[in-house]
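Here is work.pdb, consisting of PDB, C-alpha atoms:
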```pdb
MODEL        1
ATOM      1  CA  ASP A   1    -157.401  23.504-154.932
ATOM      2  CA  VAL A   2    -154.256  21.632-155.932
ATOM      3  CA  ILE A   3    -153.840  18.621-153.655
ATOM      4  CA  ASN A   4    -150.613  17.195-155.073
ATOM      5  CA  ASN A   5    -147.526  19.130-156.077
ATOM      6  CA  PHE A   6    -145.690  16.391-157.984
ATOM      7  CA  VAL A   7    -145.241  16.412-161.759
ATOM      8  CA  ARG A   8    -145.345  12.880-163.155
ATOM      9  CA  GLY A   9    -143.776  12.471-166.590
ATOM     10  CA  LYS A  10    -143.430  15.376-168.975
ATOM     11  CA  ILE A  11    -144.644  18.984-168.872
ATOM     12  CA  LEU A  12    -146.336  19.959-172.142
ATOM     13  CA  GLU A  13    -147.492  23.118-173.920
ATOM     14  CA  ASP A  14    -150.672  23.531-175.982
ATOM     15  CA  LYS A  15    -151.251  25.895-178.914
ATOM     16  CA  ALA A  16    -152.422  28.683-176.590
ATOM     17  CA  GLY A  17    -149.291  28.496-174.444
ATOM     18  CA  ASN A  18    -150.909  26.711-171.482
ATOM     19  CA  ILE A  19    -148.690  24.201-169.653
ATOM     20  CA  TRP A  20    -150.091  20.739-168.863
ATOM     21  CA  TYR A  21    -148.977  17.986-166.484
ATOM     22  CA  CYS A  22    -150.508  15.238-164.371
ATOM     23  CA  ASN A  23    -149.966  13.019-161.334
ATOM     24  CA  GLU A  24    -151.949  10.525-159.238
ATOM     25  CA  SER A  25    -154.573  13.085-158.259
ATOM     26  CA  GLY A  26    -155.481  14.590-161.622
ATOM     27  CA  ILE A  27    -154.666  16.506-164.792
ATOM     28  CA  TYR A  28    -153.463  20.081-164.247
ATOM     29  CA  LYS A  29    -153.055  23.138-166.460
ATOM     30  CA  TRP A  30    -151.059  26.282-165.901
ATOM     31  CA  ASP A  31    -153.539  28.778-167.365
ATOM     32  CA  VAL A  32    -151.379  31.346-169.154
ATOM     33  CA  PHE A  33    -154.133  34.005-169.098
ATOM     34  CA  LYS A  34    -155.261  33.555-165.486
ATOM     35  CA  GLU A  35    -151.674  32.883-164.356
ATOM     36  CA  LYS A  36    -152.702  30.088-162.013
ATOM     37  CA  ILE A  37    -152.804  26.292-161.897
ATOM     38  CA  VAL A  38    -156.188  24.681-162.527
ATOM     39  CA  ARG A  39    -157.037  21.040-161.921
ATOM     40  CA  VAL A  40    -158.859  20.125-165.142
ATOM     41  CA  LYS A  41    -159.721  16.559-164.170
ATOM     42  CA  ALA A  42    -159.571  14.724-160.852
ATOM     43  CA  PHE A  43    -158.614  11.048-160.554
ATOM     44  CA  GLU A  44    -160.685   9.423-157.819
ATOM     45  CA  LYS A  45    -158.839   6.926-155.631
ATOM     46  CA  LYS A  46    -161.787   4.529-155.824
ATOM     47  CA  ALA A  47    -161.495   4.370-159.601
ATOM     48  CA  PHE A  48    -157.709   4.355-160.029
ATOM     49  CA  SER A  49    -156.360   3.210-156.632
ATOM     50  CA  GLY A  50    -154.166   6.303-156.301
ATOM     51  CA  VAL A  51    -151.698   5.000-158.906
ATOM     52  CA  ALA A  52    -149.739   7.741-160.676
ATOM     53  CA  PHE A  53    -150.665   8.911-164.162
ATOM     54  CA  ILE A  54    -147.644   9.974-166.229
ATOM     55  CA  SER A  55    -148.051  12.604-168.952
ATOM     56  CA  VAL A  56    -146.421  11.609-172.238
ATOM     57  CA  ALA A  57    -147.383  13.904-175.120
ATOM     58  CA  LEU A  58    -149.832  16.556-176.269
ATOM     59  CA  ASP A  59    -150.547  16.301-179.990
ATOM     60  CA  SER A  60    -151.894  18.788-182.529
ATOM     61  CA  ASN A  61    -155.407  17.314-182.223
ATOM     62  CA  GLY A  62    -155.629  18.355-178.574
ATOM     63  CA  SER A  63    -155.126  14.846-177.235
ATOM     64  CA  LEU A  64    -153.121  14.619-174.015
ATOM     65  CA  TRP A  65    -151.610  11.125-173.825
ATOM     66  CA  LEU A  66    -151.099   9.608-170.378
ATOM     67  CA  PHE A  67    -149.723   6.328-169.067
ATOM     68  CA  ASN A  68    -150.730   4.386-165.971
ATOM     69  CA  VAL A  69    -148.790   1.239-165.102
ATOM     70  CA  VAL A  70    -151.926  -0.607-164.001
ATOM     71  CA  TYR A  71    -154.475   0.669-166.515
ATOM     72  CA  GLY A  72    -152.398   1.389-169.644
ATOM     73  CA  ILE A  73    -152.492   4.308-172.098
ATOM     74  CA  PHE A  74    -155.157   7.014-171.796
ATOM     75  CA  GLU A  75    -156.138   9.705-174.299
ATOM     76  CA  PHE A  76    -157.585  12.877-172.754
ATOM     77  CA  ASN A  77    -159.073  15.463-175.118
ATOM     78  CA  ILE A  78    -158.285  18.872-173.612
ATOM     79  CA  TYR A  79    -161.247  20.462-175.437
ATOM     80  CA  SER A  80    -164.043  17.942-174.754
ATOM     81  CA  GLY A  81    -162.717  16.409-171.538
ATOM     82  CA  ARG A  82    -163.249  12.892-172.893
ATOM     83  CA  LEU A  83    -160.969  10.212-171.396
ATOM     84  CA  THR A  84    -160.357   7.056-173.496
ATOM     85  CA  GLN A  85    -158.505   4.013-172.155
ATOM     86  CA  TYR A  86    -156.298   1.578-174.101
ATOM     87  CA  PRO A  87    -155.553  -1.259-171.626
ATOM     88  CA  LEU A  88    -152.099  -2.825-171.491
ATOM     89  CA  ALA A  89    -151.809  -6.092-173.400
ATOM     90  CA  ILE A  90    -149.629  -7.608-170.668
ATOM     91  CA  LYS A  91    -150.056  -7.834-166.922
ATOM     92  CA  ILE A  92    -147.473  -6.075-164.761
ATOM     93  CA  LYS A  93    -147.146  -6.421-161.007
ATOM     94  CA  SER A  94    -146.968  -2.867-159.738
ATOM     95  CA  SER A  95    -145.104  -4.028-156.617
ATOM     96  CA  THR A  96    -142.025  -4.877-158.749
ATOM     97  CA  ILE A  97    -141.794  -1.464-160.406
ATOM     98  CA  GLN A  98    -139.101   1.049-159.483
ATOM     99  CA  THR A  99    -139.737   3.818-161.996
ATOM    100  CA  SER A 100    -140.416   4.287-165.686
ATOM    101  CA  PHE A 101    -139.242   6.176-168.758
ATOM    102  CA  ILE A 102    -141.559   7.396-171.490
ATOM    103  CA  THR A 103    -140.910   9.115-174.799
ATOM    104  CA  VAL A 104    -142.521   9.619-178.219
ATOM    105  CA  ASP A 105    -140.885   8.875-181.558
ATOM    106  CA  GLU A 106    -141.217  10.947-184.732
ATOM    107  CA  ASP A 107    -144.263   8.911-185.808
ATOM    108  CA  GLU A 108    -145.884   9.787-182.438
ATOM    109  CA  ASN A 109    -145.683   6.192-181.180
ATOM    110  CA  ILE A 110    -145.291   6.028-177.391
ATOM    111  CA  TRP A 111    -142.273   4.180-175.933
ATOM    112  CA  ILE A 112    -142.505   3.020-172.308
ATOM    113  CA  ARG A 113    -139.787   1.451-170.136
ATOM    114  CA  ILE A 114    -140.956  -0.129-166.903
ATOM    115  CA  PHE A 115    -138.078  -1.041-164.625
ATOM    116  CA  SER A 116    -139.270  -4.381-163.354
ATOM    117  CA  ASN A 117    -137.290  -7.590-163.667
ATOM    118  CA  ASP A 118    -138.360  -8.846-167.079
ATOM    119  CA  VAL A 119    -140.102  -6.094-169.078
ATOM    120  CA  PRO A 120    -138.368  -4.411-172.095
ATOM    121  CA  TYR A 121    -139.672  -1.294-173.844
ATOM    122  CA  ILE A 122    -143.411  -1.353-174.560
ATOM    123  CA  VAL A 123    -144.376   0.559-177.720
ATOM    124  CA  PHE A 124    -147.921   1.833-178.256
ATOM    125  CA  ASN A 125    -148.857   2.549-181.873
ATOM    126  CA  LYS A 126    -151.215   5.546-181.892
ATOM    127  CA  SER A 127    -152.659   4.622-185.297
ATOM    128  CA  SER A 128    -153.507   0.972-184.619
ATOM    129  CA  HIS A 129    -153.888   1.322-180.804
ATOM    130  CA  LYS A 130    -151.801  -1.850-180.429
ATOM    131  CA  TYR A 131    -148.819  -2.639-178.182
ATOM    132  CA  SER A 132    -145.515  -4.327-179.048
ATOM    133  CA  LEU A 133    -142.247  -5.114-177.218
ATOM    134  CA  GLN A 134    -138.926  -3.609-178.351
ATOM    135  CA  LEU A 135    -135.246  -3.596-177.276
ATOM    136  CA  ALA A 136    -135.486  -6.655-175.051
ATOM    137  CA  ASP A 137    -131.699  -7.194-175.123
ATOM    138  CA  ASP A 138    -129.774  -4.637-173.025
ATOM    139  CA  PRO A 139    -132.492  -1.942-173.004
ATOM    140  CA  PRO A 140    -131.157   1.623-172.490
ATOM    141  CA  HIS A 141    -132.431   3.704-169.582
ATOM    142  CA  ALA A 142    -133.609   6.445-171.953
ATOM    143  CA  ILE A 143    -134.330   6.975-175.658
ATOM    144  CA  PHE A 144    -134.503  10.289-177.528
ATOM    145  CA  PHE A 145    -135.779  10.734-181.096
ATOM    146  CA  SER A 146    -134.644  13.623-183.285
ATOM    147  CA  ASP A 147    -133.955  14.286-186.983
ATOM    148  CA  HIS A 148    -134.590  10.650-188.014
ATOM    149  CA  LYS A 149    -132.206   9.423-185.332
ATOM    150  CA  MET A 150    -132.795   7.240-182.289
ATOM    151  CA  ILE A 151    -130.451   8.175-179.442
ATOM    152  CA  THR A 152    -130.170   5.506-176.752
ATOM    153  CA  ALA A 153    -128.707   6.617-173.429
ATOM    154  CA  PHE A 154    -126.679   4.437-171.103
ATOM    155  CA  ASP A 155    -124.830   5.420-167.929
ATOM    156  CA  GLU A 156    -121.527   6.171-169.656
ATOM    157  CA  LYS A 157    -122.412   6.582-173.356
ATOM    158  CA  LEU A 158    -124.907   7.721-175.985
ATOM    159  CA  VAL A 159    -125.558   5.575-179.063
ATOM    160  CA  TYR A 160    -126.834   7.349-182.178
ATOM    161  CA  LYS A 161    -128.699   5.238-184.761
ATOM    162  CA  ASN A 162    -129.726   6.698-188.124
ATOM    163  CA  LEU A 163    -133.234   5.339-188.761
ATOM    164  CA  LEU A 164    -132.919   5.888-192.518
ATOM    165  CA  ASN A 165    -129.835   3.694-193.089
ATOM    166  CA  ASN A 166    -129.537   1.874-189.694
ATOM    167  CA  GLN A 167    -125.942   3.074-189.207
ATOM    168  CA  SER A 168    -124.871   3.574-185.572
ATOM    169  CA  TYR A 169    -122.068   5.285-183.694
ATOM    170  CA  THR A 170    -121.225   5.647-180.001
ATOM    171  CA  ILE A 171    -120.469   8.841-178.052
ATOM    172  CA  PRO A 172    -118.663   8.227-174.733
ATOM    173  CA  LYS A 173    -119.788  10.624-171.996
ATOM    174  CA  SER A 174    -116.852  12.805-170.941
ATOM    175  CA  ILE A 175    -115.966  16.333-169.808
ATOM    176  CA  ASN A 176    -112.419  17.616-170.314
ATOM    177  CA  LYS A 177    -111.459  14.096-171.463
ATOM    178  CA  LYS A 178    -112.584  12.613-168.135
ATOM    179  CA  PRO A 179    -115.316   9.939-168.273
ATOM    180  CA  ILE A 180    -118.624  10.873-166.642
ATOM    181  CA  SER A 181    -121.732   8.874-165.814
ATOM    182  CA  PHE A 182    -125.315   9.997-165.298
ATOM    183  CA  TYR A 183    -128.820   8.556-165.539
ATOM    184  CA  SER A 184    -131.541  10.383-167.495
ATOM    185  CA  PHE A 185    -135.292  10.505-166.941
ATOM    186  CA  ASP A 186    -135.960  12.991-169.747
ATOM    187  CA  GLY A 187    -134.205  14.704-172.638
ATOM    188  CA  ILE A 188    -134.972  17.368-175.206
ATOM    189  CA  LYS A 189    -133.255  18.699-178.342
ATOM    190  CA  ASP A 190    -133.046  22.462-178.877
ATOM    191  CA  ASN A 191    -132.761  24.322-182.181
ATOM    192  CA  TYR A 192    -128.981  24.678-181.875
ATOM    193  CA  GLY A 193    -127.921  21.027-182.061
ATOM    194  CA  ARG A 194    -127.802  20.468-178.305
ATOM    195  CA  LEU A 195    -129.353  17.541-176.446
ATOM    196  CA  TRP A 196    -130.345  18.423-172.864
ATOM    197  CA  MET A 197    -130.699  15.571-170.372
ATOM    198  CA  THR A 198    -131.873  15.247-166.796
ATOM    199  CA  ALA A 199    -129.556  13.407-164.429
ATOM    200  CA  ARG A 200    -131.472  12.176-161.375
ATOM    201  CA  GLY A 201    -129.825  13.918-158.418
ATOM    202  CA  THR A 202    -126.692  15.179-160.171
ATOM    203  CA  GLY A 203    -128.003  18.205-162.037
ATOM    204  CA  LEU A 204    -128.435  18.815-165.757
ATOM    205  CA  PHE A 205    -126.256  17.751-168.694
ATOM    206  CA  CYS A 206    -125.997  19.017-172.266
ATOM    207  CA  TYR A 207    -124.428  17.316-175.274
ATOM    208  CA  ASP A 208    -123.434  19.665-178.121
ATOM    209  CA  GLU A 209    -123.620  17.546-181.268
ATOM    210  CA  LYS A 210    -121.775  20.083-183.445
ATOM    211  CA  ASN A 211    -118.744  20.354-181.154
ATOM    212  CA  ASN A 212    -118.978  16.830-179.661
ATOM    213  CA  THR A 213    -118.757  18.173-176.096
ATOM    214  CA  PHE A 214    -120.674  17.670-172.857
ATOM    215  CA  GLU A 215    -121.452  20.370-170.315
ATOM    216  CA  GLU A 216    -122.881  19.998-166.814
ATOM    217  CA  TYR A 217    -124.959  22.312-164.645
ATOM    218  CA  HIS A 218    -125.346  21.949-160.878
ATOM    219  CA  HIS A 219    -126.687  23.798-157.865
ATOM    220  CA  ASP A 220    -124.039  26.051-156.331
ATOM    221  CA  ASN A 221    -124.774  28.065-153.185
ATOM    222  CA  SER A 222    -122.197  30.670-154.251
ATOM    223  CA  LYS A 223    -123.915  31.348-157.603
ATOM    224  CA  ILE A 224    -127.326  33.029-157.726
ATOM    225  CA  LYS A 225    -128.067  31.827-161.269
ATOM    226  CA  SER A 226    -127.114  28.183-160.769
ATOM    227  CA  LEU A 227    -129.718  25.405-160.785
ATOM    228  CA  PRO A 228    -132.137  25.716-157.819
ATOM    229  CA  PHE A 229    -131.857  21.946-157.222
ATOM    230  CA  ASN A 230    -129.747  19.086-158.514
ATOM    231  CA  LEU A 231    -132.801  16.837-158.863
ATOM    232  CA  THR A 232    -134.028  17.340-162.451
ATOM    233  CA  THR A 233    -136.889  15.176-163.726
ATOM    234  CA  CYS A 234    -138.598  16.761-166.760
ATOM    235  CA  LEU A 235    -137.717  19.336-169.418
ATOM    236  CA  LEU A 236    -139.638  21.596-171.811
ATOM    237  CA  ILE A 237    -138.622  24.188-174.378
ATOM    238  CA  ASP A 238    -141.722  26.256-175.106
ATOM    239  CA  ASN A 239    -142.780  28.087-178.269
ATOM    240  CA  SER A 240    -140.842  31.188-177.147
ATOM    241  CA  GLU A 241    -137.669  29.126-176.585
ATOM    242  CA  ASN A 242    -137.874  29.380-172.819
ATOM    243  CA  PHE A 243    -136.235  26.321-171.269
TER     244      PHE A 243
ENDMDL
END
```
Take the structure I supplied and represent it as C-alpha coordinates, if you would.
Amino acid sequence: DVINNFVRGKILEDKAGNIWYCNESGIYKWDVFKEKIVRVKAFEKKAFSGVAFISVALDSNGSLWLFNVVYGIFEFNIYSGRLTQYPLAIKIKSSTIQTSFITVDEDENIWIRIFSNDVPYIVFNKSSHKYSLQLADDPPHAIFFSDHKMITAFDEKLVYKNLLNNQSYTIPKSINKKPISFYSFDGIKDNYGRLWMTARGTGLFCYDEKNNTFEEYHHDNSKIKSLPFNLTTCLLIDNSENF
(Lines of atoms letter the chains of each structure in order from A and count residues from 1; the text may use other names and numbers.)
(Lines give C-alpha, C1' and ligand atoms only; values in the text may rest on other atoms or scores of the structure.)
Protein backbone atom coordinates (compact mmCIF):
# COMPACT_ATOMS: atom_id res chain seq x y z
CA ASP A 1 0.00 0.00 0.00
CA VAL A 2 2.05 2.92 -1.29
CA ILE A 3 0.92 6.09 0.46
CA ASN A 4 3.24 8.60 -1.21
CA ASN A 5 4.11 8.79 -4.88
CA PHE A 6 7.06 11.20 -4.68
CA VAL A 7 10.66 10.16 -5.29
CA ARG A 8 13.03 12.11 -3.06
CA GLY A 9 16.64 12.18 -4.24
CA LYS A 10 18.04 9.51 -6.52
CA ILE A 11 16.63 6.25 -7.87
CA LEU A 12 19.10 3.39 -7.42
CA GLU A 13 19.59 -0.18 -8.66
CA ASP A 14 20.85 -3.14 -6.62
CA LYS A 15 22.77 -6.18 -7.88
CA ALA A 16 19.53 -8.08 -8.60
CA GLY A 17 18.12 -5.27 -10.74
CA ASN A 18 15.62 -3.98 -8.16
CA ILE A 19 15.06 -0.21 -8.14
CA TRP A 20 15.14 1.65 -4.81
CA TYR A 21 13.96 5.11 -3.75
CA CYS A 22 12.56 6.84 -0.68
CA ASN A 23 10.49 9.79 0.53
CA GLU A 24 8.96 11.05 3.78
CA SER A 25 6.80 7.96 4.23
CA GLY A 26 9.33 5.18 3.74
CA ILE A 27 11.85 3.23 1.68
CA TYR A 28 10.45 1.63 -1.48
CA LYS A 29 11.65 -1.04 -3.89
CA TRP A 30 10.50 -1.84 -7.39
CA ASP A 31 10.68 -5.64 -7.17
CA VAL A 32 11.93 -6.75 -10.59
CA PHE A 33 10.59 -10.31 -10.16
CA LYS A 34 7.15 -9.43 -8.76
CA GLU A 35 6.92 -6.36 -11.01
CA LYS A 36 5.41 -4.20 -8.28
CA ILE A 37 6.45 -1.54 -5.78
CA VAL A 38 6.96 -2.71 -2.20
CA ARG A 39 7.36 -0.45 0.81
CA VAL A 40 10.34 -2.04 2.57
CA LYS A 41 10.38 0.29 5.57
CA ALA A 42 7.87 2.82 6.85
CA PHE A 43 8.88 6.12 8.48
CA GLU A 44 6.47 6.93 11.29
CA LYS A 45 5.51 10.60 11.61
CA LYS A 46 5.92 10.41 15.39
CA ALA A 47 9.55 9.39 15.01
CA PHE A 48 10.61 11.59 12.08
CA SER A 49 8.01 14.41 12.00
CA GLY A 50 7.13 13.69 8.37
CA VAL A 51 10.39 15.23 7.13
CA ALA A 52 11.54 13.89 3.76
CA PHE A 53 14.28 11.29 3.49
CA ILE A 54 16.41 11.68 0.35
CA SER A 55 18.08 8.63 -1.20
CA VAL A 56 21.74 9.20 -2.04
CA ALA A 57 23.57 5.99 -2.96
CA LEU A 58 23.41 2.21 -2.85
CA ASP A 59 26.85 0.66 -2.39
CA SER A 60 28.23 -2.80 -3.11
CA ASN A 61 27.79 -3.82 0.55
CA GLY A 62 24.01 -3.43 0.30
CA SER A 63 23.93 -0.18 2.24
CA LEU A 64 21.33 2.33 1.07
CA TRP A 65 22.48 5.80 2.14
CA LEU A 66 19.81 8.38 2.95
CA PHE A 67 19.83 12.00 4.07
CA ASN A 68 17.36 13.82 6.29
CA VAL A 69 17.84 17.54 6.87
CA VAL A 70 16.84 17.29 10.53
CA TYR A 71 18.37 13.95 11.50
CA GLY A 72 21.43 13.64 9.23
CA ILE A 73 22.81 10.67 7.28
CA PHE A 74 21.24 7.22 7.62
CA GLU A 75 22.59 3.85 6.49
CA PHE A 76 19.92 1.24 5.69
CA ASN A 77 21.08 -2.32 5.03
CA ILE A 78 18.76 -3.72 2.35
CA TYR A 79 19.47 -7.31 3.49
CA SER A 80 19.12 -7.01 7.29
CA GLY A 81 16.81 -4.00 7.47
CA ARG A 82 19.07 -2.31 10.02
CA LEU A 83 18.88 1.51 10.08
CA THR A 84 21.93 3.39 11.47
CA GLN A 85 21.92 7.15 12.08
CA TYR A 86 24.87 9.56 11.80
CA PRO A 87 23.56 12.88 13.21
CA LEU A 88 24.51 16.17 11.56
CA ALA A 89 27.35 18.00 13.29
CA ILE A 90 25.63 21.36 12.76
CA LYS A 91 22.12 22.55 13.49
CA ILE A 92 20.00 23.64 10.53
CA LYS A 93 16.65 25.39 10.76
CA SER A 94 14.40 23.42 8.45
CA SER A 95 12.16 26.47 7.97
CA THR A 96 14.94 28.24 6.00
CA ILE A 97 15.48 25.39 3.53
CA GLN A 98 14.31 25.59 -0.07
CA THR A 99 15.70 22.38 -1.52
CA SER A 100 18.89 20.35 -1.55
CA PHE A 101 21.39 18.68 -3.86
CA ILE A 102 23.17 15.44 -3.04
CA THR A 103 25.85 13.48 -4.86
CA VAL A 104 28.62 10.95 -4.18
CA ASP A 105 32.25 11.33 -5.19
CA GLU A 106 34.53 8.57 -6.47
CA ASP A 107 35.64 7.75 -2.91
CA GLU A 108 31.94 7.30 -1.99
CA ASN A 109 31.90 10.40 0.23
CA ILE A 110 28.47 12.07 0.29
CA TRP A 111 28.20 15.74 -0.75
CA ILE A 112 25.12 17.67 0.41
CA ARG A 113 24.04 21.21 -0.53
CA ILE A 114 21.30 22.72 1.60
CA PHE A 115 19.94 25.93 0.12
CA SER A 116 19.57 27.99 3.25
CA ASN A 117 21.19 31.38 3.75
CA ASP A 118 24.59 30.42 5.14
CA VAL A 119 25.31 26.71 4.59
CA PRO A 120 27.92 25.55 1.98
CA TYR A 121 28.37 21.94 0.88
CA ILE A 122 28.42 19.42 3.74
CA VAL A 123 30.62 16.39 3.05
CA PHE A 124 30.12 13.11 4.92
CA ASN A 125 33.13 10.78 4.94
CA LYS A 126 31.82 7.20 4.84
CA SER A 127 35.04 5.78 6.31
CA SER A 128 35.38 8.08 9.33
CA HIS A 129 31.64 8.91 9.66
CA LYS A 130 32.62 12.57 10.10
CA TYR A 131 31.27 15.75 8.46
CA SER A 132 33.17 18.68 6.94
CA LEU A 133 32.26 21.88 5.06
CA GLN A 134 33.43 22.48 1.47
CA LEU A 135 33.05 25.11 -1.29
CA ALA A 136 31.87 27.89 0.99
CA ASP A 137 32.75 30.59 -1.58
CA ASP A 138 30.33 30.69 -4.54
CA PRO A 139 29.02 27.12 -4.17
CA PRO A 140 27.67 25.59 -7.43
CA HIS A 141 24.09 24.34 -7.57
CA ALA A 142 25.26 20.86 -8.58
CA ILE A 143 28.44 18.76 -8.61
CA PHE A 144 29.14 15.66 -10.72
CA PHE A 145 32.13 13.33 -10.27
CA SER A 146 33.48 11.23 -13.13
CA ASP A 147 36.86 9.91 -14.33
CA HIS A 148 38.83 11.73 -11.60
CA LYS A 149 37.11 14.99 -12.46
CA MET A 150 34.83 17.23 -10.41
CA ILE A 151 32.28 18.99 -12.62
CA THR A 152 30.63 21.99 -10.95
CA ALA A 153 27.43 23.25 -12.55
CA PHE A 154 26.27 26.85 -12.56
CA ASP A 155 23.32 28.39 -14.39
CA GLU A 156 25.27 29.30 -17.53
CA LYS A 157 28.46 27.18 -17.36
CA LEU A 158 30.14 23.93 -16.35
CA VAL A 159 33.57 23.98 -14.69
CA TYR A 160 35.72 20.86 -15.06
CA LYS A 161 38.46 20.31 -12.45
CA ASN A 162 40.99 17.49 -12.82
CA LEU A 163 41.40 16.06 -9.31
CA LEU A 164 44.80 14.57 -10.16
CA ASN A 165 46.54 17.83 -11.17
CA ASN A 166 43.97 20.47 -10.01
CA GLN A 167 43.76 22.01 -13.50
CA SER A 168 40.39 23.57 -14.39
CA TYR A 169 38.59 24.74 -17.51
CA THR A 170 35.17 26.28 -18.13
CA ILE A 171 32.49 25.16 -20.61
CA PRO A 172 29.88 27.86 -21.38
CA LYS A 173 26.39 26.41 -21.86
CA SER A 174 25.24 27.05 -25.43
CA ILE A 175 23.24 25.49 -28.28
CA ASN A 176 23.93 26.59 -31.85
CA LYS A 177 26.25 29.28 -30.43
CA LYS A 178 23.40 30.78 -28.39
CA PRO A 179 23.89 30.94 -24.60
CA ILE A 180 21.50 28.80 -22.54
CA SER A 181 20.81 28.59 -18.83
CA PHE A 182 19.37 25.76 -16.75
CA TYR A 183 19.43 24.54 -13.16
CA SER A 184 20.23 20.89 -12.37
CA PHE A 185 19.03 18.68 -9.53
CA ASP A 186 20.78 15.54 -10.79
CA GLY A 187 23.26 14.41 -13.42
CA ILE A 188 24.71 11.17 -14.71
CA LYS A 189 27.53 10.20 -17.09
CA ASP A 190 26.91 7.49 -19.68
CA ASN A 191 29.48 5.20 -21.31
CA TYR A 192 29.74 7.39 -24.42
CA GLY A 193 31.21 10.56 -22.92
CA ARG A 194 27.89 12.33 -22.40
CA LEU A 195 26.79 14.08 -19.22
CA TRP A 196 22.99 14.09 -18.77
CA MET A 197 21.48 16.75 -16.51
CA THR A 198 18.03 17.49 -15.16
CA ALA A 199 16.78 21.03 -15.61
CA ARG A 200 13.97 21.78 -13.14
CA GLY A 201 10.95 22.58 -15.32
CA THR A 202 12.74 23.02 -18.65
CA GLY A 203 13.33 19.43 -19.69
CA LEU A 204 16.55 17.44 -20.00
CA PHE A 205 20.00 18.52 -21.20
CA CYS A 206 23.00 16.55 -22.45
CA TYR A 207 26.60 17.69 -22.78
CA ASP A 208 28.72 15.65 -25.23
CA GLU A 209 32.28 15.95 -23.95
CA LYS A 210 33.86 14.54 -27.13
CA ASN A 211 32.15 17.01 -29.48
CA ASN A 212 31.79 19.88 -26.95
CA THR A 213 28.08 20.29 -27.73
CA PHE A 214 24.88 20.59 -25.72
CA GLU A 215 21.54 19.08 -26.67
CA GLU A 216 18.13 19.67 -25.10
CA TYR A 217 15.03 17.50 -24.82
CA HIS A 218 11.55 18.82 -24.04
CA HIS A 219 7.93 17.72 -23.98
CA ASP A 220 6.26 18.29 -27.34
CA ASN A 221 2.57 17.50 -27.85
CA SER A 222 3.20 16.88 -31.56
CA LYS A 223 5.84 14.19 -30.90
CA ILE A 224 4.85 10.85 -29.36
CA LYS A 225 8.41 10.02 -28.26
CA SER A 226 9.23 13.36 -26.64
CA LEU A 227 9.65 13.71 -22.87
CA PRO A 228 6.36 13.02 -21.01
CA PHE A 229 7.01 16.07 -18.79
CA ASN A 230 9.46 18.94 -18.67
CA LEU A 231 9.95 18.53 -14.92
CA THR A 232 12.95 16.18 -14.54
CA THR A 233 14.31 15.50 -11.05
CA CYS A 234 16.37 12.28 -10.96
CA LEU A 235 18.22 10.08 -13.46
CA LEU A 236 19.44 6.47 -13.58
CA ILE A 237 21.21 4.38 -16.19
CA ASP A 238 20.73 0.75 -15.17
CA ASN A 239 22.94 -2.29 -15.74
CA SER A 240 21.27 -2.90 -19.13
CA GLU A 241 21.92 0.71 -20.21
CA ASN A 242 18.29 1.71 -19.96
CA PHE A 243 18.06 5.42 -19.17
Task: Shell of 9 Å around A:Pro172, only C-alpha atoms, local chain residues under 5 positions omitted, as number ranges by chain - done: A: 156-159, 179-180
- [ ] For the structure provided, state which residues fall under the PyMOL selection byres ((chain A and resi 195-210) around 9), and present them as a PyMOL selection string.
- [x] chain A and resi 144+173+182-190+192-194+211-219+227+229-235
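The residue that comes closest to A:Val104, out of A:Lys46, A:Lys10, A:His129, A:Lys225 and on the basis of all atoms listed in the file, is A:Lys10.
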Using the chain letters and numbers from the file, which residues does the PyMOL selection byres ((chain A and resi 62) around 8) grab, as an mmCIF file with C-alpha atoms, in the frame of the given file?
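Contents of expr-v2.cif, freshly written:
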```cif
data_model
loop_
_atom_site.group_PDB
_atom_site.id
_atom_site.type_symbol
_atom_site.label_atom_id
_atom_site.label_comp_id
_atom_site.auth_asym_id
_atom_site.auth_seq_id
_atom_site.Cartn_x
_atom_site.Cartn_y
_atom_site.Cartn_z
ATOM 1 C CA ASP A 14 -150.672 23.531 -175.982
ATOM 2 C CA LEU A 58 -149.832 16.556 -176.269
ATOM 3 C CA ASP A 59 -150.547 16.301 -179.990
ATOM 4 C CA SER A 60 -151.894 18.788 -182.529
ATOM 5 C CA ASN A 61 -155.407 17.314 -182.223
ATOM 6 C CA SER A 63 -155.126 14.846 -177.235
ATOM 7 C CA LEU A 64 -153.121 14.619 -174.015
ATOM 8 C CA ASN A 77 -159.073 15.463 -175.118
ATOM 9 C CA ILE A 78 -158.285 18.872 -173.612
ATOM 10 C CA TYR A 79 -161.247 20.462 -175.437
#
```
Open item on the list: Every residue with an atom at most 7 Å from (-120.7, 7.9, -181.8) (file coordinates; all atoms listed in the file) is what I'm after, so could you write them as a list of chain:residue names?
Closed with: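 Those residues lying close to the given coordinates are A:Val159, A:Tyr160, A:Tyr169, A:Thr170, A:Ile171.
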Task: Best match for closeness to A:Asp105 among A:Phe48, A:Phe43, A:Phe145, A:Phe124, counting only C-alpha atoms - done: A:Phe145
Task: Residue neighbourhood A:Tyr28, 7 Å, only C-alpha atoms, exclusion window fewer than 2 positions, as a ChimeraX atom specification - done: /A:20-22,26,30,37-40
TODO: Let me know the residues the PyMOL selection byres ((chain A and resi 88) around 8) catches in the file above, as a VMD selection string.
DONE: chain A and resid 70 to 73 86 to 87 89 to 91 131
Task: Nearest to A:Ile11 by atom-to-atom distance, counting all atoms listed in the file, from A:Ser127, A:Ser49, A:Ser55, A:Asn23 - done: A:Ser55
- [ ] Name the residues within 8 Å of (-136.8, 1.8, -181.6), counting only C-alpha atoms in the file's coordinates, and put them as a PyMOL selection string.
- [x] chain A and resi 134-135+150
Task: Atom-to-atom span, atom CA of A:Lys149 and atom CA of A:Asp107, Å - done: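 So the answer is 12.1 Å.
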Task: Interatomic distance (Å, one decimal) between atom CA of A:Ala142 and atom CA of A:Trp111 - done: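 Computing it gives 9.8 Å between the two atoms.
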